[in-house]
>>> print(open('my_file18.txt').read())   # compact mmCIF, C-alpha atoms
# COMPACT_ATOMS: atom_id res chain seq x y z
CA MET A 1 50.62 186.17 135.02
CA PRO A 2 49.08 186.55 138.47
CA LYS A 3 50.71 184.49 141.18
CA ILE A 4 48.45 182.55 143.54
CA THR A 5 49.87 180.95 146.67
CA TYR A 6 48.26 177.75 147.88
CA ILE A 7 49.20 176.56 151.35
CA THR A 8 48.29 172.92 151.87
CA SER A 9 47.39 171.47 155.28
CA ASP A 10 50.95 170.11 155.68
CA GLU A 11 52.04 173.77 155.52
CA LYS A 12 53.74 173.34 152.16
CA VAL A 13 53.67 176.51 150.11
CA HIS A 14 52.85 176.21 146.40
CA GLU A 15 53.36 179.39 144.38
CA ILE A 16 51.60 179.00 141.06
CA ASP A 17 51.25 181.30 138.07
CA VAL A 18 47.61 181.11 137.09
CA GLU A 19 46.28 182.51 133.83
CA ASN A 20 43.78 185.35 133.97
CA GLY A 21 40.24 184.07 133.60
CA LEU A 22 40.80 180.70 135.25
CA THR A 23 39.39 180.16 138.71
CA VAL A 24 41.56 179.69 141.77
CA MET A 25 40.11 176.14 141.87
CA GLU A 26 41.21 175.44 138.28
CA GLY A 27 44.69 176.76 139.04
CA ALA A 28 44.94 174.20 141.85
CA VAL A 29 43.48 171.26 139.92
CA GLN A 30 45.66 171.85 136.85
CA ASN A 31 48.76 171.95 139.03
CA ASP A 32 47.89 168.93 141.18
CA ILE A 33 47.64 170.86 144.42
CA PRO A 34 46.31 168.29 146.91
CA GLY A 35 43.16 169.06 148.90
CA ILE A 36 41.14 170.82 146.23
CA ASP A 37 38.95 168.05 144.86
CA ALA A 38 36.34 170.11 143.00
CA ASP A 39 34.06 167.09 142.68
CA CYS A 40 31.27 169.00 140.94
CA GLY A 41 33.66 170.68 138.51
CA GLY A 42 32.97 174.28 139.53
CA GLY A 43 29.17 174.22 139.72
CA MET A 44 29.03 175.55 143.30
CA ALA A 45 27.37 172.30 144.24
CA CYS A 46 29.82 170.35 146.39
CA ALA A 47 32.09 172.54 148.58
CA THR A 48 35.15 170.37 147.94
CA CYS A 49 37.18 173.35 146.65
CA HIS A 50 36.73 175.21 149.93
CA VAL A 51 39.67 177.43 151.00
CA TYR A 52 40.49 179.96 153.71
CA VAL A 53 41.54 183.35 152.38
CA THR A 54 44.03 185.40 154.39
CA GLU A 55 42.34 188.24 156.21
CA ASP A 56 43.86 191.14 154.25
CA TRP A 57 42.65 189.55 151.02
CA PHE A 58 39.21 188.51 152.21
CA ASN A 59 37.74 192.02 152.06
CA LYS A 60 39.35 192.77 148.70
CA LEU A 61 37.71 189.85 146.92
CA PRO A 62 34.43 190.18 145.01
CA LYS A 63 31.52 189.43 147.35
CA LYS A 64 29.99 185.98 147.52
CA GLU A 65 27.10 185.31 145.19
CA ASP A 66 23.85 183.74 146.37
CA GLY A 67 24.44 180.10 146.99
CA GLU A 68 28.11 180.25 147.90
CA GLU A 69 27.40 180.82 151.61
CA ASP A 70 24.83 178.02 151.48
CA MET A 71 27.45 175.63 150.15
CA ILE A 72 29.99 176.78 152.74
CA ASP A 73 27.49 175.55 155.37
CA VAL A 74 28.37 172.02 154.35
CA ALA A 75 32.10 172.56 153.84
CA PHE A 76 34.69 170.99 156.10
CA GLU A 77 35.29 173.29 159.11
CA PRO A 78 33.93 176.53 157.69
CA LYS A 79 35.32 179.78 159.08
CA LYS A 80 34.61 183.48 158.63
CA ASN A 81 37.23 183.69 155.88
CA SER A 82 35.94 180.65 153.97
CA ARG A 83 35.43 180.87 150.22
CA LEU A 84 34.80 178.42 147.43
CA SER A 85 37.81 178.64 145.15
CA CYS A 86 35.68 177.84 142.09
CA GLN A 87 34.02 181.23 142.54
CA LEU A 88 37.28 183.22 142.60
CA ILE A 89 38.23 184.25 139.08
CA VAL A 90 41.89 185.07 138.65
CA SER A 91 42.74 188.56 137.39
CA ASP A 92 45.62 191.00 137.82
CA GLU A 93 43.84 192.33 140.91
CA LEU A 94 44.22 188.91 142.53
CA ASP A 95 47.98 188.77 141.96
CA GLY A 96 49.56 187.67 145.24
CA LEU A 97 46.42 186.06 146.71
CA THR A 98 47.16 183.43 149.35
CA VAL A 99 44.71 180.68 150.21
CA ASN A 100 44.94 177.97 152.86
CA ILE A 101 43.49 174.56 152.10
CA PRO A 102 41.62 172.75 154.91
CA SER A 103 43.12 169.50 156.22
CA LYS A 104 40.50 167.56 154.31
CA GLN A 105 37.50 168.25 152.14
CA ALA A 106 35.49 165.06 152.58
CA MET B 1 21.17 135.65 141.88
CA ILE B 2 20.22 137.89 138.97
CA LYS B 3 21.68 137.11 135.54
CA THR B 4 21.81 140.01 133.13
CA ASP B 5 23.51 141.07 129.90
CA ALA B 6 24.88 144.21 131.52
CA LEU B 7 24.90 145.79 134.95
CA ILE B 8 25.00 149.58 135.14
CA ILE B 9 26.36 151.18 138.28
CA GLY B 10 24.87 154.65 138.62
CA ALA B 11 21.43 155.96 137.66
CA GLY B 12 22.51 159.44 136.58
CA PRO B 13 21.90 160.74 133.05
CA THR B 14 24.76 158.70 131.58
CA GLY B 15 23.59 155.45 133.18
CA LEU B 16 19.99 156.08 132.13
CA PHE B 17 20.76 156.75 128.48
CA THR B 18 23.09 153.74 128.39
CA ALA B 19 20.22 151.56 129.65
CA HIS B 20 18.23 152.90 126.69
CA GLN B 21 21.01 152.06 124.24
CA LEU B 22 21.45 148.53 125.62
CA ASN B 23 17.73 147.76 125.39
CA LEU B 24 17.49 149.28 121.95
CA ILE B 25 20.08 146.85 120.59
CA GLY B 26 18.32 143.94 122.27
CA LEU B 27 20.28 143.52 125.51
CA ASN B 28 18.75 143.56 128.96
CA CYS B 29 20.26 145.38 131.91
CA GLU B 30 19.91 146.10 135.61
CA VAL B 31 20.76 149.44 137.23
CA VAL B 32 22.14 149.88 140.76
CA ASP B 33 22.42 153.22 142.58
CA ASN B 34 23.35 154.15 146.13
CA LEU B 35 20.87 157.04 146.23
CA ASP B 36 17.21 156.51 147.07
CA LYS B 37 16.11 158.02 143.76
CA ILE B 38 16.94 158.01 140.06
CA GLY B 39 18.93 160.91 138.57
CA GLY B 40 22.37 161.02 140.20
CA GLN B 41 24.03 164.41 140.60
CA CYS B 42 21.30 166.04 138.48
CA ILE B 43 18.69 165.21 141.06
CA GLU B 44 20.84 165.34 144.19
CA LEU B 45 22.95 168.43 143.56
CA TYR B 46 21.03 170.61 141.11
CA PRO B 47 17.43 169.53 140.54
CA ASP B 48 16.36 173.17 140.01
CA LYS B 49 19.41 174.56 138.25
CA PRO B 50 18.99 175.08 134.53
CA ILE B 51 21.34 173.29 132.13
CA TYR B 52 21.93 174.94 128.74
CA ASP B 53 24.22 172.55 126.89
CA ILE B 54 22.20 169.43 126.21
CA PRO B 55 22.01 169.11 122.41
CA ALA B 56 18.58 170.09 121.05
CA VAL B 57 17.35 171.04 124.53
CA PRO B 58 17.87 174.81 124.86
CA GLU B 59 17.17 174.84 128.59
CA CYS B 60 16.14 172.29 131.19
CA THR B 61 16.67 171.67 134.90
CA GLY B 62 18.38 168.62 136.37
CA GLU B 63 14.99 167.29 137.36
CA GLU B 64 13.45 167.82 133.92
CA LEU B 65 16.40 166.14 132.24
CA THR B 66 16.05 163.16 134.57
CA ASN B 67 12.31 162.89 133.96
CA ASN B 68 12.82 163.02 130.20
CA LEU B 69 15.43 160.28 130.36
CA ILE B 70 13.09 158.14 132.48
CA ASN B 71 10.30 158.73 129.93
CA GLN B 72 12.62 157.64 127.17
CA LEU B 73 13.06 154.30 128.98
CA LYS B 74 9.31 153.62 129.12
CA PRO B 75 9.26 151.11 126.23
CA PHE B 76 11.69 148.94 128.14
CA ASP B 77 11.49 146.82 131.23
CA ILE B 78 14.42 147.85 133.40
CA ASN B 79 14.99 146.96 137.04
CA PHE B 80 16.39 149.68 139.27
CA HIS B 81 18.04 148.69 142.52
CA LEU B 82 18.10 151.90 144.55
CA ASN B 83 19.64 152.41 147.99
CA GLU B 84 22.22 149.81 147.08
CA ARG B 85 25.93 150.25 146.71
CA VAL B 86 28.01 147.79 144.71
CA ASP B 87 30.70 146.60 147.08
CA GLU B 88 32.35 143.73 145.26
CA VAL B 89 33.18 142.93 141.64
CA LYS B 90 35.16 139.78 140.88
CA ARG B 91 35.80 137.44 137.96
CA GLU B 92 33.85 134.20 137.76
CA ASN B 93 34.82 132.36 134.54
CA ASP B 94 33.45 134.45 131.66
CA ASN B 95 31.29 136.58 133.92
CA TRP B 96 31.60 139.20 136.59
CA PHE B 97 30.23 138.38 140.02
CA VAL B 98 28.81 141.57 141.51
CA LYS B 99 27.61 141.96 145.10
CA THR B 100 25.88 144.92 146.76
CA ASN B 101 25.98 146.05 150.39
CA ASN B 102 22.56 144.38 150.81
CA ASN B 103 24.01 141.08 149.52
CA LYS B 104 22.16 141.22 146.22
CA ILE B 105 24.18 139.23 143.69
CA PHE B 106 24.42 139.74 139.93
CA LEU B 107 26.17 137.61 137.33
CA THR B 108 26.96 139.42 134.08
CA PRO B 109 29.54 139.55 131.30
CA ASN B 110 29.40 143.37 131.31
CA VAL B 111 29.73 145.89 134.12
CA ILE B 112 29.28 149.54 133.15
CA ILE B 113 30.47 152.02 135.75
CA ALA B 114 28.57 155.29 135.32
CA GLY B 115 29.25 156.37 138.85
CA GLY B 116 29.91 160.10 138.48
CA VAL B 117 32.36 160.99 141.20
CA GLY B 118 31.49 157.93 143.25
CA SER B 119 28.69 157.21 145.64
CA PHE B 120 26.96 159.84 147.73
CA GLU B 121 27.61 159.50 151.46
CA PRO B 122 26.53 161.84 154.26
CA ARG B 123 29.07 164.51 155.12
CA LYS B 124 30.20 163.99 158.68
CA PHE B 125 31.50 166.07 161.58
CA SER B 126 35.16 166.90 161.18
CA LEU B 127 35.87 166.20 164.84
CA LYS B 128 37.70 162.87 165.12
CA GLU B 129 36.09 161.96 168.46
CA CYS B 130 32.73 161.79 166.72
CA GLU B 131 33.63 158.52 164.99
CA LYS B 132 33.32 156.35 168.08
CA PHE B 133 29.80 157.63 168.78
CA GLU B 134 28.58 157.18 165.22
CA ASN B 135 25.35 155.16 164.99
CA LYS B 136 25.18 155.12 168.80
CA SER B 137 24.77 158.75 169.83
CA ILE B 138 25.59 160.52 166.57
CA PHE B 139 23.52 160.04 163.42
CA TYR B 140 23.56 161.54 159.93
CA ALA B 141 20.07 160.32 159.04
CA VAL B 142 16.99 159.43 161.03
CA LYS B 143 15.91 155.82 160.64
CA ASP B 144 13.76 155.40 163.76
CA LYS B 145 12.56 158.62 165.35
CA GLU B 146 11.03 156.75 168.30
CA ILE B 147 14.44 156.40 169.98
CA PHE B 148 14.53 160.19 170.41
CA ALA B 149 11.27 160.46 172.41
CA ASP B 150 11.72 162.37 175.70
CA LYS B 151 15.47 162.77 175.06
CA THR B 152 17.59 165.82 174.36
CA ILE B 153 18.65 166.05 170.72
CA SER B 154 21.21 168.50 169.34
CA ILE B 155 20.74 169.06 165.63
CA PHE B 156 23.48 170.66 163.51
CA GLY B 157 22.97 172.25 160.10
CA GLY B 158 21.05 175.00 158.32
CA GLY B 159 19.29 173.28 155.44
CA ASP B 160 15.92 171.61 155.04
CA SER B 161 16.91 168.33 156.70
CA ALA B 162 18.13 170.06 159.86
CA LEU B 163 15.09 172.34 160.02
CA ASP B 164 12.52 169.65 159.22
CA TRP B 165 13.86 167.34 161.91
CA ALA B 166 14.18 170.15 164.46
CA VAL B 167 10.49 170.98 163.92
CA GLU B 168 9.40 167.34 163.89
CA LEU B 169 11.41 166.13 166.88
CA SER B 170 10.48 169.16 169.01
CA LYS B 171 7.04 167.54 169.42
CA ASN B 172 8.37 164.78 171.66
CA SER B 173 11.95 165.74 172.49
CA LYS B 174 13.99 168.62 173.80
CA VAL B 175 15.70 170.07 170.73
CA ASN B 176 18.82 172.21 170.40
CA LEU B 177 19.41 173.56 166.90
CA VAL B 178 22.98 174.64 166.20
CA HIS B 179 24.07 176.43 163.02
CA ARG B 180 27.23 178.25 161.98
CA ARG B 181 25.48 181.47 160.93
CA ASP B 182 22.24 183.42 161.35
CA GLU B 183 20.79 182.65 157.93
CA PHE B 184 19.19 179.33 157.10
CA ARG B 185 19.08 177.98 153.59
CA GLY B 186 16.00 175.80 154.18
CA ALA B 187 12.52 176.64 152.91
CA GLN B 188 11.26 179.97 154.32
CA SER B 189 8.06 178.38 155.64
CA THR B 190 10.08 175.90 157.71
CA VAL B 191 12.38 178.69 158.93
CA ASN B 192 9.28 180.60 160.10
CA LYS B 193 7.91 177.53 161.85
CA MET B 194 11.26 176.97 163.54
CA ASN B 195 11.38 180.61 164.71
CA GLU B 196 7.91 180.24 166.26
CA LEU B 197 9.05 177.12 168.09
CA VAL B 198 12.10 179.03 169.33
CA LYS B 199 9.79 181.76 170.67
CA SER B 200 7.60 179.24 172.45
CA GLU B 201 10.80 177.65 173.84
CA LYS B 202 10.23 174.32 172.14
CA ILE B 203 13.57 174.68 170.33
CA ASN B 204 16.76 176.17 171.75
CA LEU B 205 18.54 177.95 168.93
CA PHE B 206 22.31 178.51 168.87
CA THR B 207 23.57 180.40 165.84
CA LYS B 208 27.18 181.20 164.99
CA TYR B 209 28.17 178.10 166.93
CA GLN B 210 29.93 174.96 165.74
CA LEU B 211 30.68 171.65 167.43
CA SER B 212 34.03 171.77 169.24
CA ASN B 213 33.96 168.70 171.50
CA VAL B 214 31.93 165.63 172.44
CA ASN B 215 32.00 164.25 175.97
CA GLY B 216 31.01 160.79 177.20
CA ASN B 217 32.22 157.21 177.33
CA ASP B 218 29.93 154.85 175.50
CA GLN B 219 27.12 157.29 174.87
CA ILE B 220 27.39 161.06 174.53
CA GLU B 221 26.64 162.94 177.75
CA SER B 222 27.30 166.49 176.64
CA ILE B 223 28.82 168.50 173.81
CA ASP B 224 30.82 171.71 173.64
CA ILE B 225 29.89 174.25 171.02
CA LYS B 226 32.08 177.18 170.12
CA HIS B 227 30.90 180.65 169.07
CA ASP B 228 32.51 182.60 166.21
CA GLU B 229 33.97 184.94 168.83
CA GLY B 230 35.52 182.07 170.77
CA GLU B 231 33.08 181.56 173.64
CA ILE B 232 32.44 177.89 174.47
CA LYS B 233 29.12 176.54 175.77
CA ASN B 234 28.64 173.07 177.25
CA ILE B 235 25.21 171.58 176.57
CA LYS B 236 23.80 168.30 177.89
CA THR B 237 22.55 166.10 175.12
CA ASP B 238 21.62 162.46 174.55
CA TYR B 239 21.85 162.43 170.78
CA VAL B 240 23.52 164.49 168.08
CA LEU B 241 22.22 164.74 164.52
CA GLY B 242 24.39 166.23 161.75
CA PHE B 243 22.86 167.36 158.46
CA PHE B 244 25.61 168.68 156.22
CA GLY B 245 24.43 167.33 152.91
CA LEU B 246 26.07 164.60 150.91
CA ILE B 247 29.57 164.14 149.62
CA MET B 248 30.73 161.95 146.77
CA GLN B 249 33.24 159.25 147.58
CA LEU B 250 34.83 156.81 145.17
CA GLY B 251 34.28 154.09 147.78
CA PRO B 252 34.64 150.40 146.89
CA ILE B 253 35.32 151.12 143.17
CA ALA B 254 38.93 151.70 144.22
CA ASN B 255 39.28 147.99 145.08
CA TRP B 256 38.28 146.39 141.78
CA GLY B 257 41.71 146.34 140.15
CA LEU B 258 41.04 149.23 137.77
CA ASN B 259 43.52 151.88 136.64
CA ILE B 260 42.49 154.84 138.76
CA ASP B 261 44.10 158.26 138.68
CA LYS B 262 42.71 161.28 140.55
CA LYS B 263 39.39 159.55 141.25
CA THR B 264 38.82 158.75 137.58
CA ILE B 265 39.16 155.45 135.67
CA SER B 266 41.27 155.21 132.51
CA VAL B 267 39.44 153.85 129.46
CA ASP B 268 39.99 153.44 125.73
CA THR B 269 37.90 155.59 123.42
CA GLU B 270 36.58 152.79 121.22
CA LYS B 271 34.66 150.76 123.80
CA PHE B 272 35.24 152.83 126.93
CA GLU B 273 36.59 149.66 128.42
CA THR B 274 38.86 149.74 131.47
CA ASN B 275 41.97 147.61 131.93
CA GLN B 276 39.56 144.77 132.84
CA LYS B 277 37.77 143.06 129.96
CA GLY B 278 34.02 143.56 130.28
CA ILE B 279 34.24 146.45 132.71
CA TYR B 280 33.52 149.84 131.18
CA ALA B 281 33.60 153.33 132.67
CA ILE B 282 31.56 156.18 131.20
CA GLY B 283 30.48 159.69 132.15
CA ASP B 284 32.27 161.84 134.71
CA ILE B 285 34.12 158.89 136.24
CA CYS B 286 36.13 157.97 133.13
CA SER B 287 39.21 159.65 131.76
CA TYR B 288 40.98 159.63 128.39
CA PRO B 289 42.86 162.27 126.42
CA GLY B 290 40.52 165.17 125.75
CA LYS B 291 37.80 164.01 128.16
CA LEU B 292 35.08 166.60 128.78
CA LYS B 293 32.90 166.24 131.86
CA LEU B 294 29.72 167.07 130.00
CA ILE B 295 26.46 165.14 130.05
CA LEU B 296 26.54 164.91 126.26
CA SER B 297 29.92 163.18 126.40
CA GLY B 298 28.45 160.61 128.77
CA PHE B 299 25.70 159.85 126.24
CA HIS B 300 28.25 159.21 123.49
CA GLU B 301 30.42 157.07 125.75
CA GLY B 302 27.40 155.01 126.84
CA ALA B 303 26.26 154.41 123.26
CA LEU B 304 29.67 152.99 122.35
CA ALA B 305 30.05 150.94 125.53
CA ALA B 306 26.60 149.40 124.90
CA ARG B 307 27.76 148.14 121.46
CA ALA B 308 30.87 146.67 123.08
CA CYS B 309 28.64 144.84 125.58
CA PHE B 310 26.84 143.12 122.72
CA LYS B 311 29.94 141.14 121.75
CA LEU B 312 30.32 139.64 125.22
CA ALA B 313 26.61 139.12 125.87
CA ARG B 314 25.87 137.57 122.45
CA PRO B 315 29.17 136.00 121.40
CA ASN B 316 27.52 133.97 118.62
CA GLU B 317 25.57 136.81 117.03
CA LYS B 318 26.76 139.64 114.90
CA TYR B 319 25.83 143.18 115.86
CA ARG B 320 24.34 145.15 113.00
CA PHE B 321 24.09 148.92 113.16
CA GLU B 322 20.55 150.22 112.57
CA PHE B 323 18.64 153.52 112.71
CA THR B 324 15.51 154.02 114.81
CA THR B 325 13.94 155.87 111.87
CA THR B 326 13.97 152.85 109.59
CA SER B 327 14.71 149.60 111.39
CA SER B 328 11.63 147.48 112.06
CA ASN B 329 13.64 145.57 114.71
CA LEU B 330 14.30 148.73 116.68
CA LEU B 331 10.77 150.04 116.19
CA LYS B 332 9.40 146.77 117.57
CA ARG B 333 11.59 147.08 120.65
CA LEU B 334 10.40 150.65 121.07
CA GLY B 335 6.79 149.44 120.91
CA LYS B 336 6.09 151.44 117.76
CA LYS B 337 5.45 148.46 115.54
CA GLU B 338 3.77 145.08 116.01
>>> encode(input="my_file18.txt", output="structure tokens")
Amino acid sequence: MPKITYITSDEKVHEIDVENGLTVMEGAVQNDIPGIDADCGGGMACATCHVYVTEDWFNKLPKKEDGEEDMIDVAFEPKKNSRLSCQLIVSDELDGLTVNIPSKQA
Amino acid sequence: MIKTDALIIGAGPTGLFTAHQLNLIGLNCEVVDNLDKIGGQCIELYPDKPIYDIPAVPECTGEELTNNLINQLKPFDINFHLNERVDEVKRENDNWFVKTNNNKIFLTPNVIIAGGVGSFEPRKFSLKECEKFENKSIFYAVKDKEIFADKTISIFGGGDSALDWAVELSKNSKVNLVHRRDEFRGAQSTVNKMNELVKSEKINLFTKYQLSNVNGNDQIESIDIKHDEGEIKNIKTDYVLGFFGLIMQLGPIANWGLNIDKKTISVDTEKFETNQKGIYAIGDICSYPGKLKLILSGFHEGALAARACFKLARPNEKYRFEFTTTSSNLLKRLGKKE
């Protein structure tokens, strides 16, 4: 199973095995990783699953769909390497992905 | 004080259909919502997005669903209290005493929380220093645009609110528009208008910049904005407006003595009652084994909670289950029969 590393704002590292087909957001929610609220449940409508992707991974990920960048506008402290974790679907290609969670989402 | 059989908190699809169910079985109800319009998340987050999993409705948008639910309520006389947030819920003998942020008071045996993920509040600047200027120099909504006349206003954001106010305020104020990227997600016609105003130097546009500091004692005197590449600009400004959309916060619900876990309220699956007798939670805000956050689940939960309300609102009557196809009682209430 692909391993996804979530680094929370307190710098704790959570290595989680996430099933193929789930989103990076779902992997966090199901494993109680703090800081990924996913208020809208994955509808790309709230930006509370916002993460920073490490630079080497950012370019390897599938491109953002229409609407994701719009939502990142309203995310907490957006950066160049911001993504919405509800839009990142876990597959073998994502094995080893590391995401940093902002200090807060609200 | 308003006395009612049931008070519904939240005017989203779940709250609306529950109002229908309550009135159908002969109970009256009042509905409170913090937003300025009916529809909840459907209207605030995805009015134009199609939904495909409402039973018997192959496809409809959030707005269409809301309008249909409002139409379904037409036979009934229901009071909506919009722009009001319920702040306090406390026991008063056999009733619940409910107070809003505008000091409206309700007395009811039944409180139904259909609050989604909580109440919508404006998303604020992440910078901590902004807090002390809030409602003095920093605003997240415009209540009185007159205070901005002949002042310098720095507007942050890239959506319709930011663009509309940049265009509007540029008539009588000096406007800086600051956005984190080059693209704007507002309506193209407003983007074009804004670009014209930038050309005619009515609006100063700063893209790829974000707020990095606020300077001043009581009032803001200037702000620092930081470019993607690291460069920092100091700009003089009297007021700052931030338009970053809305965020859902559980808010005061957390203080009502309910069992809350991960922003959701535990309920039973017979009445959808919380650990407090006469307080129910339905829709996205409730949790129980197997809970699905689907609109259709909210409808089911509301229908059952409404029947539970009957017992407390009409303790001396017996509830009898009836079908709308055949019951003359129900047809009368629906206005289909004299």
>>> residues_around(input="my_file18.txt", residues="stretch 2-19 of chain A", least_positions_apart="2", cutoff="10 Å", atoms="all atoms listed in the file", output="ChimeraX atom specification")
/A:21-24,26-28,30-31,33-36,51-53,89-104
>>> interface_residues(input="my_file18.txt", of="chain B", to="chain A", cutoff="7 Å", atoms="only C-alpha atoms", output="PyMOL selection string")
chain B and resi 45+117+123+126+185+244-245+247
>>> atom_distance(input="my_file18.txt", atom1="atom CA of B:Val142", atom2="atom CA of B:Ser200")
24.7 Å
>>> atom_distance(input="my_file18.txt", atom1="atom CA of B:Cys42", atom2="atom CA of B:Thr61")
8.1 Å
>>> residues_around(input="my_file18.txt", residues="stretch 128-132 of chain B", least_positions_apart="3", cutoff="8 Å", atoms="all atoms listed in the file", output="ChimeraX atom specification")
/B:125,138,213-214
>>> atom_distance(input="my_file18.txt", atom1="atom CA of B:Lys74", atom2="atom CA of B:Gln21")
12.8 Å
>>> residues_near_point(input="my_file18.txt", point="(23.8, 167.3, 168.7)", cutoff="12 Å", atoms="all atoms listed in the file", output="PyMOL selection string")
chain B and resi 125+130+133-134+137-140+148+151-157+162+166+174-179+204-206+209-215+220-225+234-243
>>> closest_residue(input="my_file18.txt", among="B:Gln188, B:Val31, B:Pro252, B:Ile25", to="B:Ser327", atoms="all atoms listed in the file")
B:Ile25
>>> axis_aligned_box(input="my_file18.txt", around="stretch 84-88 of chain A", padding_each_side="4 Å", output="lines of an AutoDock Vina configuration file")
center_x = 35.9
center_y = 180.5
center_z = 144.8
size_x = 11.8
size_y = 13.4
size_z = 13.3
>>> residues_around(input="my_file18.txt", residues="B:Asp268", least_positions_apart="3", cutoff="10 Å", atoms="only C-alpha atoms", output="MDAnalysis selection string")
chainID B and resid 271:275 280:281 286:289
>>> write_last_selection(input="my_file18.txt", atoms="C-alpha atoms", output="tab-separated table (two decimals), keeping the file's coordinate frame")
chain	number	residue	atom	x	y	z
B	271	LYS	CA	34.66	150.76	123.80
B	272	PHE	CA	35.24	152.83	126.93
B	273	GLU	CA	36.59	149.66	128.42
B	274	THR	CA	38.86	149.74	131.47
B	275	ASN	CA	41.97	147.61	131.93
B	280	TYR	CA	33.52	149.84	131.18
B	281	ALA	CA	33.60	153.33	132.67
B	286	CYS	CA	36.13	157.97	133.13
B	287	SER	CA	39.21	159.65	131.76
B	288	TYR	CA	40.98	159.63	128.39
B	289	PRO	CA	42.86	162.27	126.42
>>> closest_residue(input="my_file18.txt", among="B:Glu121, B:Glu59, B:Glu338, B:Asp228", to="B:Gln249", atoms="all atoms listed in the file")
B:Glu121
>>> residues_around(input="my_file18.txt", residues="A:Cys49", least_positions_apart="6", cutoff="7 Å", atoms="only C-alpha atoms", output="ChimeraX atom specification")
/A:25,36-38,84-86
>>> write_last_selection(input="my_file18.txt", atoms="C-alpha atoms", output="PDB file, in the coordinates of the input")
ATOM      1  CA  MET A  25      40.110 176.140 141.870  1.00  0.00           C
ATOM      2  CA  ILE A  36      41.140 170.820 146.230  1.00  0.00           C
ATOM      3  CA  ASP A  37      38.950 168.050 144.860  1.00  0.00           C
ATOM      4  CA  ALA A  38      36.340 170.110 143.000  1.00  0.00           C
ATOM      5  CA  LEU A  84      34.800 178.420 147.430  1.00  0.00           C
ATOM      6  CA  SER A  85      37.810 178.640 145.150  1.00  0.00           C
ATOM      7  CA  CYS A  86      35.680 177.840 142.090  1.00  0.00           C
TER       8      CYS A  86
END
>>> residues_around(input="my_file18.txt", residues="B:Ala19", least_positions_apart="6", cutoff="10 Å", atoms="only C-alpha atoms", output="ChimeraX atom specification")
/B:6-8,11,13,27-31,69,73,76,78,112,302-303,306
>>> decode(input="my_file18.txt", residues="stretch 8-38 of chain A", atoms="C-alpha atoms", output="CSV table (one decimal), in the first residue's frame")
chain,number,residue,atom,x,y,z
A,8,THR,CA,1.5,18.4,11.1
A,9,SER,CA,2.3,22.0,12.1
A,10,ASP,CA,3.9,20.8,15.3
A,11,GLU,CA,6.4,19.1,13.1
A,12,LYS,CA,5.2,15.6,14.1
A,13,VAL,CA,5.6,13.1,11.3
A,14,HIS,CA,2.8,10.7,10.6
A,15,GLU,CA,3.6,7.9,8.1
A,16,ILE,CA,0.3,6.3,7.0
A,17,ASP,CA,-0.4,3.5,4.6
A,18,VAL,CA,-3.3,4.7,2.4
A,19,GLU,CA,-5.3,2.5,0.1
A,20,ASN,CA,-5.1,3.1,-3.6
A,21,GLY,CA,-8.1,5.1,-4.8
A,22,LEU,CA,-8.6,7.0,-1.5
A,23,THR,CA,-7.7,10.7,-1.6
A,24,VAL,CA,-4.8,12.1,0.5
A,25,MET,CA,-7.5,14.0,2.4
A,26,GLU,CA,-9.4,10.7,3.2
A,27,GLY,CA,-6.2,9.1,4.3
A,28,ALA,CA,-5.7,11.9,6.9
A,29,VAL,CA,-9.3,12.0,8.1
A,30,GLN,CA,-9.6,8.3,8.6
A,31,ASN,CA,-6.4,8.3,10.6
A,32,ASP,CA,-7.2,11.3,12.7
A,33,ILE,CA,-4.4,13.5,11.4
A,34,PRO,CA,-5.1,16.9,12.9
A,35,GLY,CA,-5.4,20.0,10.7
A,36,ILE,CA,-7.2,18.4,7.8
A,37,ASP,CA,-10.8,19.3,8.5
A,38,ALA,CA,-12.4,18.6,5.1
